[in-house]
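Worksheet: one structure, shown below.
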Amino acid sequence: MIWPHGIVLFVIVPLLAGAINVALHSFPRLQRWVVVVALVVNLVLAVATLGEVYRGESNPGAVLVSQMGNWPAPFGITLVVDALSAVMLCVSAAVTLGVYLYALSQLERRFAGGYFHAVYPMLLLGVNFSFITGDLFNLFVAFEVMLMASYVLLCAGTTRPQLRQAYKYIILNVVASTLFVMACGFIYGHLGTLNLADLARLAAAGQIPRTAVPAILLLLVVFASKTAAFPVWYWLPDSYPTMPPAIGGLFSGLLTKVGVYALIRVFLMVFGADPDIRFIALTSLLVSSAGTMFIGVLGAVSSHGVRRILSIHVISQVGYMILGVGLGTELALAATVLYMIQHMIVKTTLFLCCGMMEKYAGGDELGQLGGLLRRDGWLAAMFLIAALSLAGLPPLSGFFGKFLLLIESLRLVPSAAGYALATVALLTSLLTLLSMVKIWSFAFWSPAPARVATALVPQRRGAAMAAIGVMVALALSVGLGAGAYLKVATVAARGILDSGDYIRAVLGESSLIGSAPLARANNAGEGEVE
Amino acid sequence: MSLLMSITVAVLFGAGIFLLSGRDLKGVVMGVFLLGHAANLAIVTTGGSPIGRTPAILPEYGLLSGDEADPLPQALVLTAIVIGFAMQAFLLTVLVVTWRRAGSIRVDVLRDMPKDEYGPLESERRGAS
């Protein structure tokens with residue numbers, strides 16, 4: 001069988017597709033087939049991986065490990081897929097495929113020309129690589145690949161608003177990456193290893209020197225800014241709305257979630273065993289989550305463009321995820337994973353719906369929209385399902401994640417803090433519903449503004465609606481089959497909170513007793529001063 | 001040596017942040033580059049000073065003396081430099097495109113630009129279709 005080394009394909013397939021498409025620059029039709037094939041192969045691989053990793057709800061998930069070049073673990077490059085990675089790979093594969101199918105029919109030439117079809121798989125490469133990498137430095141490299149692709153997609157089309165906002169996005173991310181690489185260097189200097197399993201082993205053995213803690217907490221700042229969490233969220237609401245909805249949907253579906261994944265991986269699994277780091281990281285995440293939820297939703301309520309409302313909402317929903325990470329219990333983490341799954345699908349769907357709405361109205365300002373219920377009943381139905389899922393009405397997918405997070409936050413030990421968080425979460429939910437109703441009543445219920453009454457009709461509507469339909473069906477399945485999804489999410493959460501399997505799978509059976517080979521050698525040489 | 005490196009890193013960081021706070025996007029971009037270089041130097045410093053030490057060579061060519069500078073931070077920095085190089089090339093390209101589309105790369109001018117205008121495309125400028 002191809003396992004466990006088949007996980008390399010998550011890097012190889014998108015990389016090949018991207019490289020081939022650079023060469024096929026002047027054959028756009030062929031380029032599209034290359035990307036479609038790559039994305040389908042990637043989705044099949046991801047589902048197969050999840051099937052390989054998930055062994056029933058009462059068993060721990062399998063951990064697939066592939067050592068590059070057969071170098072033993074803390075020295076070489078390690079690729080690891082555990083249950084959480086497998087879940088994230090699956091959802092991101094589905095989302096990238098859905099968005100691409102939509103973009104094929106709806107993305108204007110201005111944005112989709114040139115190297116779009118070469119960069120698109122590269123973004124997937126970065127996302128996949130950050131989910132399967134087993135060491136901190138390669139996480140940095142994966143982030144960079146992903147961000148580089150995202151810069152290109154962000155600027156594709158080079159409209160003035162895009163260029164103006166691109167600097168905010170690029171410069172914040174470059175500065176965060178600079179901090180990331182410095183943190184990597186310092187952590188290596190203190191601990192002598194960057195392998196996640198090896199770091200987790202050191203943390204579990206209580207061997208993390210206090211001098212290394214600031215460098216580790218620097219990672220918290222880095223990941224928080226990548227996820228657009230409370231004090232460092234400002235780059236998102238201006239840059240996302242400048243992109244065409246297909247690309248904006250892809251970004252808000254994938255990129256911030258990679259940041260949340262990194263937070264979970266590094267602060268719950270790797271350094272979760274160190275009481276000081278755990279306390280500081282989780283407390284700051286809890287404080288940040290309240291601000292993130294609330295600021296995001298306030299921004300959404302006060303905005304008047306559909307793209308902008310949806311973009312700012314990303315921040316608010318990231319707040320729920322951070323809340324789950326900050327609570328750090330098994331149920332809360334499972335709820336976070338469930339919420340991430342549903343958010344990636346639903347948020348992307350909403351952006352795609354927004355794209356179709358713009359095709360009817362010629363713009364995304366609420367004042368321009370109207371009369372869409374009559375003009376396109378299917379679009380109205382799709383939007384309604386996705387919007388109510390986002391707000392979390394009970395039979396739909398957003399409900400279950402939020403409900404479990406509320407239960408867990410009420411169990412938080414200083415109960416006043418728990419109640420405060422739950423209140424903010426509930427209020428946010430209510431305001432989310434309000435802002436969704438705002439879009440609904442402007443775009444679908446109100447009569448069409450006179451000047452665009454019937455002028456615009458989207459081209460190739462069928463293909464786009466098929467792509468949206470598949471995404472909505474996925475979103476519905478998360479809601480109606482929440483039990484099944486929650487089982488997988490629980491296994492993923494357990495794999496994070498009990499890192500023993502992960503460490504043993506990467507470093508070998510005896511690793512939890514042995515000593516760190518590299519840390520000793522490095523720390524010995526470190527004390528010297530000129 | 002470590003002290004010298006630390007001072008260099010601090011100066012680079014200070015200069016980078018000073019440039020970042022300017023209004024000229026060219027300066028802002030240069031500031032970002034300086035921050036990257038400062039980070040790379042800081043990482044090299046964590047590997048210990050290489051002065052007076054033998055380079056790390058695989059044991060087939062003779063035993064390790066135990067006196068080598070740690071090669072891994074150098075490898076990390078090498079990767080970071082390559083990534084940073086790509087980033088710089090891209091940022092400078094965006095800067096040039098901005099200049100062509102908007103006619104300015106000053107932050108305050110860009111901010112006051114009309115929102116809905118796309119600015120001329122390359123092909124439109126040359127009078128082609």
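Residues are referred to by chain and number: the chain letter is A, B, ... according to the order shown in the structure tokens, the number counts from 1 in that chain, and ligands are numbered separately from 1 in the order shown.
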Neighbours of A:Ile439 within 10 Å (only C-alpha atoms; same-chain residues fewer than 4 positions away dropped), as a ChimeraX atom specification? /A:304-306,309-310,354,365-366,369-370,383,387,434-435,443-445
Please provide as a tab-separated table (two decimals) with N, CA and C atoms, in the first residue's frame all residues within 12 Å of B:Phe85, with the sequence filter that same-chain residues fewer than 3 positions apart are discarded (counting only C-alpha atoms).
chain	number	residue	atom	x	y	z
A	144	GLU	N	5.12	30.31	4.31
A	144	GLU	CA	5.65	31.23	3.31
A	144	GLU	C	5.15	30.87	1.91
A	148	MET	N	2.99	33.39	-0.14
A	148	MET	CA	3.46	33.90	-1.40
A	148	MET	C	2.39	33.71	-2.47
A	174	VAL	N	4.57	39.70	6.27
A	174	VAL	CA	6.03	39.57	6.21
A	174	VAL	C	6.62	39.82	7.59
B	32	VAL	N	10.88	46.60	5.62
B	32	VAL	CA	10.56	45.18	5.74
B	32	VAL	C	11.78	44.33	5.42
B	33	PHE	N	12.52	44.72	4.38
B	33	PHE	CA	13.73	43.95	4.04
B	33	PHE	C	14.72	43.96	5.21
B	34	LEU	N	14.91	45.16	5.79
B	34	LEU	CA	15.87	45.27	6.90
B	34	LEU	C	15.47	44.37	8.06
B	36	GLY	N	13.89	41.61	7.89
B	36	GLY	CA	14.25	40.24	7.51
B	36	GLY	C	15.72	39.96	7.73
B	37	HIS	N	16.57	40.91	7.32
B	37	HIS	CA	18.01	40.69	7.51
B	37	HIS	C	18.36	40.63	8.99
B	77	VAL	N	18.90	29.78	8.10
B	77	VAL	CA	19.02	31.14	7.56
B	77	VAL	C	19.11	31.12	6.04
B	78	LEU	N	19.79	30.09	5.53
B	78	LEU	CA	19.90	29.97	4.08
B	78	LEU	C	18.51	29.88	3.46
B	79	THR	N	17.67	29.03	4.06
B	79	THR	CA	16.29	28.91	3.56
B	79	THR	C	15.55	30.23	3.70
B	80	ALA	N	15.72	30.86	4.87
B	80	ALA	CA	15.00	32.12	5.11
B	80	ALA	C	15.45	33.19	4.13
B	81	ILE	N	16.77	33.18	3.77
B	81	ILE	CA	17.26	34.19	2.82
B	81	ILE	C	16.61	33.99	1.46
B	82	VAL	N	16.52	32.71	1.04
B	82	VAL	CA	15.93	32.43	-0.27
B	82	VAL	C	14.47	32.90	-0.29
B	88	GLN	N	11.13	39.85	-1.53
B	88	GLN	CA	11.58	41.18	-1.92
B	88	GLN	C	11.31	41.43	-3.40
B	89	ALA	N	11.58	40.42	-4.21
B	89	ALA	CA	11.33	40.58	-5.65
B	89	ALA	C	9.86	40.87	-5.88
B	90	PHE	N	9.00	40.13	-5.16
B	90	PHE	CA	7.57	40.32	-5.36
B	90	PHE	C	7.12	41.71	-4.90
B	91	LEU	N	7.59	42.11	-3.72
B	91	LEU	CA	7.18	43.42	-3.20
B	91	LEU	C	7.61	44.54	-4.13
B	92	LEU	N	8.84	44.42	-4.68
B	92	LEU	CA	9.30	45.47	-5.58
B	92	LEU	C	8.46	45.49	-6.85
Once you count only C-alpha atoms, what closest atom pair and distance in Å to one decimal does each residue of chain A within 7 Å of chain B have, with rows by chain and rising residue number, as JSON lines?
{"residue": "A:Thr159", "atom": "CA", "partner": "B:Tyr118", "partner_atom": "CA", "distance": 4.6}
{"residue": "A:Arg160", "atom": "CA", "partner": "B:Tyr118", "partner_atom": "CA", "distance": 5.2}
{"residue": "A:Pro161", "atom": "CA", "partner": "B:Lys115", "partner_atom": "CA", "distance": 6.2}
{"residue": "A:Leu163", "atom": "CA", "partner": "B:Thr98", "partner_atom": "CA", "distance": 6.3}
{"residue": "A:Arg164", "atom": "CA", "partner": "B:Leu110", "partner_atom": "CA", "distance": 6.5}
{"residue": "A:Val175", "atom": "CA", "partner": "B:Val32", "partner_atom": "CA", "distance": 6.9}
{"residue": "A:Thr178", "atom": "CA", "partner": "B:Gly36", "partner_atom": "CA", "distance": 5.7}
{"residue": "A:Met182", "atom": "CA", "partner": "B:Ala39", "partner_atom": "CA", "distance": 5.5}
{"residue": "A:Gly185", "atom": "CA", "partner": "B:Ile43", "partner_atom": "CA", "distance": 4.9}
{"residue": "A:Phe186", "atom": "CA", "partner": "B:Thr46", "partner_atom": "CA", "distance": 6.5}
{"residue": "A:Gly189", "atom": "CA", "partner": "B:Thr46", "partner_atom": "CA", "distance": 5.2}
{"residue": "A:Glu526", "atom": "CA", "partner": "B:Gly48", "partner_atom": "CA", "distance": 6.5}
{"residue": "A:Glu530", "atom": "CA", "partner": "B:Met1", "partner_atom": "CA", "distance": 5.7}
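The space separating atom CA of A:Arg201 from atom CA of A:Leu136 comes to 14.2 Å.
Closest approach to A:Cys353 from the set A:Leu153, A:Val22, A:Ile295, A:Val99 is made by A:Val99, with distances taken over only C-alpha atoms.
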Show which residues sit within 10 Å of A:Val87, as JSON, numbers by chain. Count only C-alpha atoms, and ignore same-chain residues fewer than 6 positions away. {"A": [46, 47, 49, 50, 53, 54, 81, 93, 131, 337, 338, 340, 341, 485, 488, 489, 492]}
From the list A:Leu430, A:Met465, A:Leu196, A:Leu412, which residue is nearest A:Phe75 when using only C-alpha atoms?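 Among A:Leu430, A:Met465, A:Leu196, A:Leu412, it is A:Leu196 that comes nearest to A:Phe75.
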Quick one: pick out all helix (DSSP H, G or I) residues within stretch 163-411 of chain A from a backbone DSSP run and write them as number ranges by chain. A: 163-191, 196-204, 210-227, 230-232, 236-242, 245-270, 275-302, 306-327, 330-361, 372-375, 377-391, 397-410
